[in-house]
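Colleague: Take a look at this one; I'll ask things after.
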Amino acid sequence: MKNLFVFLFFLMSHALFAQDKPLTNTEDIAEAEFHTVINPTDNSNIVLTTMHGFEGVDDSYFSIYYSLDFGETWELSAFDGLYPGDAGTGDPVMSFDAEGNLLLVHLVASDDFDVKTIISKSEDKGKTWELAYEYPDPFTDKPWIAIDNNPSSPNFGNIYIIDVTSDGVLLITIDDEFNFVRSTIINDIQQLPNVVVANDGDIFTSGMNWFSDPLEFFVQHFTDAGETLVQSTALLTTPDYTFDVEDISNRFQNSPQIVIDNSDSDYSGRIYFTVTRSEDDELRFFDVIQMYSDDSGITWSEPKPVHSNLDFHVQQYYPSSYINSEGVVLVDWYDRKNHGEGSAITDFFLGISYDGGESYTEYKLNKSPMDFNVAVNAGSGFGIGEYHQMVATKDTVISFWSDGRMNDGDLNIYYAKVDLNNPISGVQETGLVQDKINISNIYPQPFKDEFFIDLALKKEYKLKYELLDINGKLIKDSSFTSYGTGNHTLSINAPPVSGSYLLKISSNTGFFKTMQFFK
């Protein structure tokens, strides 16, 4: 069992922040450990908050990207997670309330290294922010947030934070006016907490017993707005590799996540727990495992991998999970099965389940793999951080991942949109999350002889295009051409045959965006 000193060192290694406030310039600065949400009142509004700076060294601030057109273009908020007197910030997790207001729970460190959990609020879809709540404990870590958004729930509007504090892991209840209601200690877990809210207002939390050997994961069920613990259930164990999986992270985490089906599907109320766990015969290789419960977390299905490759000695790790409004279960993860044992070359996969997690069909989302050792170094040993998040609507899932494929020591956030009604033809890596190059949709659609693209550039770039058929075969392309700061319209001659096509716009700096269009 680890002693308390080691535990506190583990927490503080992520909670000490730089005292100089850096400029909000995301070029050549690693972007990782991020969270993404979609507005339930306006699905065109997506917000992504990503960290800069890991392991308590420099650049501890956020870039907050918001999109008002379903990820076609992105704008960068002026808010970087810091308020006057703050030295750094970290661990962003977001949730929209039922009215479309966005809450961001995160850590802030003062100049004297107190680390508090606060809530920032945006009422304009992620553009501007204000401080809404501050939890008084001077030492906190790894907060997660959920909001009761069901108007028929007896606790409608309540905000729940699960947080590692100096008193242990607490479930904190706040009302919709940001008044503290109560905190309830969760004795079975010490790290990596998660929280979700069911349609009836019941609360479910999960996390890791960091003192056990091997590590043990639990799920808790609370009622009465977090006051009453109904039960805490042990799920599974895995060996502790918190500090020494060098080709994934120098501070490896198992990325446990709990989600609940609040749809009207046949699996409504089902709770899913997803985690990275060691293989049986080689403990330093990992699988992405999922379990589910249909009785409020009392009993659970047998843990099984979500990916198709069950060969030993393959690294599959760092999942996120999501359930859309139709009850479709989605899991994405990093995967090396295409590159051989011992290789750090890594792809990013999405698994889709239409049968309540019983079976998954998987799709590789990235067009180019990355050397994950670049990610480890770029993230100051943390790699891509300890979590990421996808979002989905009824018809489309958008997966996001942090990627170092340029091999320049940087990490950027890529994303892919997948058509859930036709995922095989719908999987196309879309591009980078950034605000320097904004590209409009192709217009008009359909078209006859030519089509147009509007460009908005915040600095001069060299750009080229590639016109591809739906299978990715190159039809024609252009050479790099310089475009200055400002607005431009690109005119391209149409291919001769009617059908579906892809257009990829690329810059000399590594940016790209892929769009599908029709003639």
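Residues are referred to by chain and number: the chain letter is A, B, ... according to the order shown in the structure tokens, the number counts from 1 in that chain, and ligands are numbered separately from 1 in the order shown.
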Among range 288-395 of chain A, which residues does DSSP mark as strand (DSSP E) when it is run on the backbone? Keep the chain and numbering as in the structure and answer as a VMD selection string.

Modeller: chain A and resid 288 to 293 304 to 305 316 to 323 329 to 335 345 to 353 361 to 364 370 to 371 391 to 392

Colleague: Using only C-alpha atoms, which protein or nucleic acid residues come within 8 Å of range 371-380 of chain A? Drop anything in the same chain fewer than 5 positions from it, and give the result as a PyMOL selection string.

Modeller: chain A and resi 30+32+53-55+246-250+344-346+385+403-405+407-411

Colleague: Rounded to one decimal place, report the CA of Gly71 in chain A-CA of Val105 in chain A distance in Å.

Modeller: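 Interatomic distance here is 22.5 Å.
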
Colleague: For Phe518 in chain A, which of A:Ile475, A:Phe451, A:Glu302, A:Lys459 is the closest residue, counting only C-alpha atoms?

Modeller: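 With only C-alpha atoms as the atom set, the closest residue is A:Phe451.
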
Colleague: What's around range 154-165 of chain A at 6 Å? Count only C-alpha atoms, leave out sequence neighbours fewer than 3 positions away in its own chain, and write the answer as an MDAnalysis selection string.

Modeller: chainID A and resid 139:151 168:176

Colleague: Please identify every residue of range 234-305 of chain A that has at least one atom no farther than 7 Å from an atom of range 206-220 of chain A, counting only C-alpha atoms, and for each give the shortest atom pair and the distance in Å to one decimal, arranged by chain then increasing number, as a tab-separated table.

Modeller:
```
residue	atom	partner	partner_atom	distance
A:Ala234	CA	A:Phe218	CA	4.4
A:Leu235	CA	A:Phe218	CA	5.6
A:Leu236	CA	A:Phe217	CA	5.7
A:Thr237	CA	A:Glu216	CA	4.4
A:Thr238	CA	A:Leu215	CA	5.3
A:Pro239	CA	A:Pro214	CA	4.7
A:Asp240	CA	A:Leu215	CA	5.8
A:Pro256	CA	A:Gly207	CA	6.9
A:Ile258	CA	A:Ser206	CA	6.5
A:Gly297	CA	A:Val219	CA	6.9
```

Colleague: As an exercise, work out the distance from CA of Lys116 in chain A to CA of Gln231 in chain A in Å and give it to one decimal place.

Modeller: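 Value for the CA of Lys116 in chain A-CA of Gln231 in chain A distance: 28.8 Å.
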